[in-house]
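Q: Input entry.cif, format and content: mmCIF, C-alpha atoms.
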```
data_my_file
loop_
_atom_site.group_PDB
_atom_site.id
_atom_site.type_symbol
_atom_site.label_atom_id
_atom_site.label_comp_id
_atom_site.auth_asym_id
_atom_site.auth_seq_id
_atom_site.Cartn_x
_atom_site.Cartn_y
_atom_site.Cartn_z
ATOM 1 C CA MET A 547 -10.044 -4.403 -55.300
ATOM 2 C CA SER A 548 -11.203 -4.433 -58.856
ATOM 3 C CA PHE A 549 -7.681 -4.328 -60.340
ATOM 4 C CA LEU A 550 -6.977 -7.832 -59.044
ATOM 5 C CA ARG A 551 -8.149 -10.704 -61.190
ATOM 6 C CA ARG A 552 -7.587 -14.390 -61.781
ATOM 7 C CA ARG A 553 -5.328 -15.294 -64.653
ATOM 8 C CA SER A 554 -6.602 -17.839 -67.155
ATOM 9 C CA ALA A 555 -3.538 -18.582 -69.262
ATOM 10 C CA ALA A 556 -3.405 -21.997 -70.922
ATOM 11 C CA THR A 557 0.027 -22.710 -69.434
ATOM 12 C CA PRO A 558 0.599 -20.545 -66.366
ATOM 13 C CA ALA A 559 4.194 -19.445 -65.840
ATOM 14 C CA GLY A 560 3.723 -19.264 -62.082
ATOM 15 C CA PRO A 561 0.720 -18.548 -59.902
ATOM 16 C CA ASP A 562 -2.737 -18.386 -61.480
ATOM 17 C CA PHE A 563 -3.499 -15.301 -59.379
ATOM 18 C CA ASP A 564 -2.045 -11.826 -59.153
ATOM 19 C CA VAL A 565 0.571 -11.339 -56.460
ATOM 20 C CA LEU A 566 0.132 -8.177 -54.447
ATOM 21 C CA ALA A 567 3.425 -6.881 -53.041
ATOM 22 C CA MET A 568 5.903 -4.029 -53.257
ATOM 23 C CA ASP A 569 7.650 -3.583 -56.584
ATOM 24 C CA PRO A 570 11.204 -4.936 -56.170
ATOM 25 C CA GLY A 571 12.489 -1.942 -58.138
ATOM 26 C CA ASP A 572 11.149 0.356 -55.418
ATOM 27 C CA TRP A 573 12.841 -1.585 -52.612
ATOM 28 C CA PRO A 574 16.552 -1.267 -51.851
ATOM 29 C CA GLY A 575 18.262 -4.498 -50.939
ATOM 30 C CA ASN A 576 17.754 -8.087 -51.989
ATOM 31 C CA LEU A 577 14.483 -9.752 -52.984
ATOM 32 C CA GLY A 578 13.702 -13.447 -53.007
ATOM 33 C CA ALA A 579 10.487 -15.157 -54.077
ATOM 34 C CA GLY A 580 9.164 -18.598 -53.263
ATOM 35 C CA LEU A 581 6.279 -20.580 -54.746
ATOM 36 C CA LEU A 582 4.345 -23.169 -52.747
ATOM 37 C CA PRO A 583 3.611 -26.054 -55.144
ATOM 38 C CA ALA A 584 0.744 -28.510 -54.767
ATOM 39 C CA PRO A 585 1.172 -32.186 -55.758
ATOM 40 C CA ASP A 586 -0.713 -31.469 -59.007
ATOM 41 C CA GLY A 587 1.773 -28.741 -59.955
ATOM 42 C CA SER A 588 -0.522 -25.808 -59.229
ATOM 43 C CA CYS A 589 0.689 -22.876 -57.173
ATOM 44 C CA GLN A 590 -0.731 -22.792 -53.639
ATOM 45 C CA GLY A 591 0.904 -19.529 -52.679
ATOM 46 C CA VAL A 592 3.696 -17.062 -53.230
ATOM 47 C CA PHE A 593 5.857 -15.345 -50.665
ATOM 48 C CA LEU A 594 8.337 -12.549 -51.264
ATOM 49 C CA ARG A 595 11.258 -11.957 -48.945
ATOM 50 C CA TYR A 596 12.651 -8.424 -48.787
ATOM 51 C CA ASP A 597 16.147 -8.205 -47.312
ATOM 52 C CA LEU A 598 17.424 -4.828 -46.162
ATOM 53 C CA PHE A 599 20.084 -6.264 -43.912
ATOM 54 C CA GLY A 600 22.622 -7.192 -46.611
ATOM 55 C CA GLY A 601 22.269 -10.948 -46.379
ATOM 56 C CA ARG A 602 21.836 -11.105 -42.611
ATOM 57 C CA GLY A 603 18.148 -11.929 -42.822
ATOM 58 C CA PRO A 604 14.945 -10.519 -44.239
ATOM 59 C CA ALA A 605 13.292 -7.345 -43.055
ATOM 60 C CA MET A 606 9.882 -8.347 -44.399
ATOM 61 C CA ILE A 607 7.975 -11.246 -45.923
ATOM 62 C CA ILE A 608 4.767 -10.718 -47.907
ATOM 63 C CA GLY A 609 2.691 -13.801 -48.651
ATOM 64 C CA ASN A 610 -0.207 -14.303 -51.061
ATOM 65 C CA LEU A 611 -2.164 -17.500 -50.378
ATOM 66 C CA PRO A 612 -5.216 -18.370 -52.499
ATOM 67 C CA GLU A 613 -8.368 -19.929 -51.123
ATOM 68 C CA GLY A 614 -7.788 -23.622 -50.400
ATOM 69 C CA SER A 615 -4.044 -23.282 -49.801
ATOM 70 C CA PRO A 616 -3.026 -25.600 -46.930
ATOM 71 C CA ALA A 617 -0.620 -22.899 -45.677
ATOM 72 C CA ARG A 618 -3.687 -20.817 -44.704
ATOM 73 C CA GLU A 619 -4.868 -23.467 -42.257
ATOM 74 C CA VAL A 620 -3.409 -22.619 -38.851
ATOM 75 C CA ALA A 621 -4.819 -23.488 -35.460
ATOM 76 C CA GLU A 622 -5.968 -20.797 -33.054
ATOM 77 C CA GLY A 623 -2.961 -19.056 -31.514
ATOM 78 C CA GLN A 624 -0.563 -20.467 -34.115
ATOM 79 C CA ILE A 625 1.557 -18.126 -36.226
ATOM 80 C CA PRO A 626 0.898 -17.577 -39.941
ATOM 81 C CA PHE A 627 3.091 -19.321 -42.526
ATOM 82 C CA GLU A 628 4.892 -16.050 -43.357
ATOM 83 C CA VAL A 629 5.890 -15.485 -39.720
ATOM 84 C CA ALA A 630 7.278 -19.020 -39.578
ATOM 85 C CA GLN A 631 9.262 -18.326 -42.775
ATOM 86 C CA LEU A 632 10.601 -15.081 -41.291
ATOM 87 C CA LEU A 633 11.685 -16.840 -38.091
ATOM 88 C CA ALA A 634 13.341 -19.662 -40.066
ATOM 89 C CA ALA A 635 15.216 -17.174 -42.269
ATOM 90 C CA LEU A 636 16.430 -15.356 -39.168
ATOM 91 C CA GLU A 637 17.417 -18.712 -37.610
ATOM 92 C CA ASN A 638 15.231 -17.872 -34.627
ATOM 93 C CA ASP A 639 13.853 -21.099 -33.151
ATOM 94 C CA GLU A 640 12.192 -19.572 -30.081
ATOM 95 C CA PRO A 641 8.523 -20.539 -29.748
ATOM 96 C CA VAL A 642 6.226 -17.728 -30.944
ATOM 97 C CA GLU A 643 2.449 -17.580 -30.799
ATOM 98 C CA VAL A 644 -0.372 -15.164 -31.586
ATOM 99 C CA VAL A 645 -1.541 -13.526 -28.354
ATOM 100 C CA GLU A 646 -4.126 -11.062 -29.714
ATOM 101 C CA THR A 647 -5.792 -9.925 -32.955
ATOM 102 C CA GLU A 648 -7.486 -6.657 -33.835
ATOM 103 C CA ASP A 649 -9.453 -5.714 -36.973
ATOM 104 C CA VAL A 650 -8.657 -2.215 -38.271
ATOM 105 C CA PRO A 651 -10.141 -0.416 -41.320
ATOM 106 C CA VAL A 652 -7.477 0.925 -43.711
ATOM 107 C CA MET A 653 -7.855 2.704 -47.056
ATOM 108 C CA GLN A 654 -5.770 1.512 -50.009
ATOM 109 C CA GLY A 655 -6.506 3.983 -52.787
ATOM 110 C CA ASP A 656 -10.283 3.823 -53.211
ATOM 111 C CA ASN A 657 -10.556 0.441 -51.499
ATOM 112 C CA LEU A 658 -11.380 -0.179 -47.863
ATOM 113 C CA LEU A 659 -9.403 -3.031 -46.334
ATOM 114 C CA ILE A 660 -10.232 -4.700 -43.062
ATOM 115 C CA VAL A 661 -6.744 -5.443 -41.774
ATOM 116 C CA ARG A 662 -6.156 -7.948 -38.971
ATOM 117 C CA ARG A 663 -3.248 -6.867 -36.830
ATOM 118 C CA LEU A 664 -1.704 -9.829 -35.049
ATOM 119 C CA LYS A 665 0.109 -9.247 -31.802
ATOM 120 C CA LEU A 666 2.720 -11.946 -31.290
ATOM 121 C CA SER A 667 4.601 -13.176 -28.234
ATOM 122 C CA GLU A 668 7.815 -12.043 -30.025
ATOM 123 C CA SER A 669 7.428 -8.259 -29.902
ATOM 124 C CA ARG A 670 10.038 -7.608 -32.620
ATOM 125 C CA ILE A 671 7.694 -9.113 -35.236
ATOM 126 C CA SER A 672 4.881 -7.040 -36.716
ATOM 127 C CA CYS A 673 2.225 -8.947 -38.647
ATOM 128 C CA VAL A 674 -0.929 -7.955 -40.534
ATOM 129 C CA GLN A 675 -3.335 -9.852 -42.788
ATOM 130 C CA PHE A 676 -6.154 -8.936 -45.155
ATOM 131 C CA ASP A 677 -8.360 -10.733 -47.648
ATOM 132 C CA ARG A 678 -8.486 -9.497 -51.226
ATOM 133 C CA SER A 679 -11.593 -9.428 -53.408
ATOM 134 C CA ASP A 680 -10.358 -12.554 -55.235
ATOM 135 C CA ASN A 681 -10.105 -14.524 -51.941
ATOM 136 C CA VAL A 682 -6.311 -14.384 -51.753
ATOM 137 C CA LEU A 683 -5.034 -13.849 -48.211
ATOM 138 C CA VAL A 684 -2.168 -11.338 -47.993
ATOM 139 C CA THR A 685 0.054 -11.562 -44.919
ATOM 140 C CA ILE A 686 2.864 -9.126 -44.158
ATOM 141 C CA ALA A 687 5.408 -10.069 -41.502
ATOM 142 C CA SER A 688 8.132 -7.597 -40.595
ATOM 143 C CA TRP A 689 11.160 -7.988 -38.345
ATOM 144 C CA ASP A 690 12.016 -5.141 -35.999
ATOM 145 C CA ARG A 691 9.971 -2.596 -38.019
ATOM 146 C CA PRO A 692 6.397 -1.529 -37.363
ATOM 147 C CA ILE A 693 3.893 -1.914 -40.211
ATOM 148 C CA THR A 694 2.261 1.466 -40.797
ATOM 149 C CA ASP A 695 -0.714 2.418 -42.987
ATOM 150 C CA ASP A 696 1.727 3.991 -45.480
ATOM 151 C CA LEU A 697 2.839 0.487 -46.509
ATOM 152 C CA TYR A 698 -0.542 -0.349 -48.079
ATOM 153 C CA ALA A 699 -0.091 2.459 -50.628
ATOM 154 C CA LEU A 700 3.093 0.713 -51.867
ATOM 155 C CA LEU A 701 1.346 -2.599 -52.578
ATOM 156 C CA LYS A 702 0.504 -3.373 -56.192
ATOM 157 C CA PRO A 703 0.114 -6.407 -58.463
ATOM 158 C CA LEU A 704 3.458 -7.703 -59.716
ATOM 159 C CA PRO A 705 3.788 -8.888 -63.339
ATOM 160 C CA ALA A 706 3.584 -12.620 -64.057
ATOM 161 C CA GLU A 707 6.992 -12.465 -65.773
ATOM 162 C CA LEU A 708 8.594 -11.973 -62.352
ATOM 163 C CA PHE A 709 7.667 -15.588 -61.486
ATOM 164 C CA GLN A 710 8.721 -17.301 -64.720
ATOM 165 C CA GLN A 711 11.577 -19.743 -64.505
ATOM 166 C CA GLY A 712 14.435 -18.733 -66.754
#
```
Any chance you could put this one into structure tokens?

A:
Amino acid sequence: MSFLRRRSAATPAGPDFDVLAMDPGDWPGNLGAGLLPAPDGSCQGVFLRYDLFGGRGPAMIIGNLPEGSPAREVAEGQIPFEVAQLLAALENDEPVEVVETEDVPVMQGDNLLIVRRLKLSESRISCVQFDRSDNVLVTIASWDRPITDDLYALLKPLPAELFQQG
């Protein structure tokens, strides 16, 4: 994905990498964003929470975790960070685990993505992951909605200003 690049600003306003997600202006409902800070103040990941349910919980979480982020390190069968965030936001404390994975080729514009579809023990959660050309792992977790190939066409880099503290 040649349009994604590392940022090299002297004083980053948020993450030092582009965040690939859906434009909040294109999404009805509420949007929340969270940054995962490291002890040195660097950003170890960004997750965006899209809420279509009017405050009753998110419909989707999209995470962007750079190489080296501790949130990427999960044991075999364990759920990704974004799925855990989705379950916590929904106040669902039932144990959930990954039961199967499948790699699927998907086109995003002119780019071929190898998407890992994760099948979870909680069937109401859909989850996919793919690695970007800049080694950022994108994870999409959706509650009670299937993730279709159409979603990848909606993903684009969000401007850095979205993550500046006001």

Q: Suppose a student applies the PyMOL selection byres ((chain A and resi 646) around 8) to this structure; what residues should they get, written as a VMD selection string?

A: chain A and resid 644 to 645 647 to 648 664 to 666

Q: Grab the residues selected above and save them as a short mmCIF file (atom, residue, chain, number, x, y, z; two decimals), keeping the file's coordinate frame with C-alpha atoms.

A:
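Output file result_39.cif is given in full below:
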```
data_model
loop_
_atom_site.label_atom_id
_atom_site.label_comp_id
_atom_site.auth_asym_id
_atom_site.auth_seq_id
_atom_site.Cartn_x
_atom_site.Cartn_y
_atom_site.Cartn_z
CA VAL A 644 -0.37 -15.16 -31.59
CA VAL A 645 -1.54 -13.53 -28.35
CA THR A 647 -5.79 -9.93 -32.96
CA GLU A 648 -7.49 -6.66 -33.84
CA LEU A 664 -1.70 -9.83 -35.05
CA LYS A 665 0.11 -9.25 -31.80
CA LEU A 666 2.72 -11.95 -31.29
#
```

Q: Check the smallest atom-to-atom distance from each of A:Ala584, A:Val642, A:Ala699, A:Met606 to Glu628 (chain A) using all atoms listed in the file, then report the winner.

A: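 The shortest atom-to-atom distance to Glu628 (chain A) comes from A:Met606.
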
Q: Between A:Phe627, A:Phe709, A:Phe593, A:Phe563, which is the closest to Glu613 (chain A) once you count all atoms listed in the file?

A: A:Phe563

Q: Grab the CA of Met568 (chain A) to CA of Leu701 (chain A) distance for me, in Å with one decimal place.

A: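 Rounded to one decimal, the two atoms are 4.8 Å apart.
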
Q: Using the chain letters and numbering of this document, enumerate as a list of chain:residue names the residues selected by the PyMOL selection byres ((chain A and resi 690-693) around 6).

A: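 Output of the PyMOL selection byres ((chain A and resi 690-693) around 6): A:Arg670, A:Ile671, A:Ser672, A:Ser688, A:Trp689, A:Thr694.
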
Q: For the selection you just gave me, I'd like the residues written to a file as a PDB file, keeping the file's coordinate frame, keeping C-alpha atoms.

A:
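To be explicit, this is the file written out as part_21.pdb:
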```
ATOM      1  CA  ARG A 670      10.038  -7.608 -32.620  1.00  0.00           C
ATOM      2  CA  ILE A 671       7.694  -9.113 -35.236  1.00  0.00           C
ATOM      3  CA  SER A 672       4.881  -7.040 -36.716  1.00  0.00           C
ATOM      4  CA  SER A 688       8.132  -7.597 -40.595  1.00  0.00           C
ATOM      5  CA  TRP A 689      11.160  -7.988 -38.345  1.00  0.00           C
ATOM      6  CA  THR A 694       2.261   1.466 -40.797  1.00  0.00           C
TER       7      THR A 694
END
```

Q: Any idea what the distance is between CA of Ser679 (chain A) and CA of Asp562 (chain A)?

A: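 One can read the CA of Ser679 (chain A) to CA of Asp562 (chain A) distance as 15.0 Å.
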
Q: Point out the residue among A:Leu700, A:Val565, A:Val592, A:Ile660 with the least atom-to-atom distance to Asp677 (chain A), counting all atoms listed in the file.

A: A:Ile660

Q: I'd like the neighbourhood of region 569-573 of chain A as a list in words, where a residue qualifies if any of its atoms comes within 10 Å (using all atoms listed in the file), though same-chain residues fewer than 5 positions away should be ignored.

A: Gly578, Leu594, Tyr596, Asp597, Leu598, Leu700, Leu701, Lys702, Pro703, Leu704, Pro705 and Leu708 of chain A

Q: Let me see the file: selected residues, C-alpha atoms, as a short mmCIF file (atom, residue, chain, number, x, y, z; two decimals), keeping the file's coordinate frame.

A:
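out.cif, written as the output of this step:
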```
data_model
loop_
_atom_site.label_atom_id
_atom_site.label_comp_id
_atom_site.auth_asym_id
_atom_site.auth_seq_id
_atom_site.Cartn_x
_atom_site.Cartn_y
_atom_site.Cartn_z
CA GLY A 578 13.70 -13.45 -53.01
CA LEU A 594 8.34 -12.55 -51.26
CA TYR A 596 12.65 -8.42 -48.79
CA ASP A 597 16.15 -8.20 -47.31
CA LEU A 598 17.42 -4.83 -46.16
CA LEU A 700 3.09 0.71 -51.87
CA LEU A 701 1.35 -2.60 -52.58
CA LYS A 702 0.50 -3.37 -56.19
CA PRO A 703 0.11 -6.41 -58.46
CA LEU A 704 3.46 -7.70 -59.72
CA PRO A 705 3.79 -8.89 -63.34
CA LEU A 708 8.59 -11.97 -62.35
#
```

Q: Going by the chain IDs and residue numbers used in this file, which residues fall under the PyMOL selection byres ((chain A and resi 682-686) around 6)? Write them as a ChimeraX atom specification.

A: /A:607-613,673-678,680-681,687

Q: With 8 Å added on each side, what axis-aligned box encloses every listed atom of region 687-697 of chain A? Give the centre and edge lengths in Å to one decimal, as lines of an AutoDock Vina configuration file.

A:
```
center_x = 5.7
center_y = -3.0
center_z = -41.3
size_x = 28.7
size_y = 30.1
size_z = 26.5
```

Q: Which value, in Å to one decimal, gives the distance between CA of Ala634 (chain A) and CA of Arg663 (chain A)?

A: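 Taking CA of Ala634 (chain A) and CA of Arg663 (chain A), their separation equals 21.2 Å.
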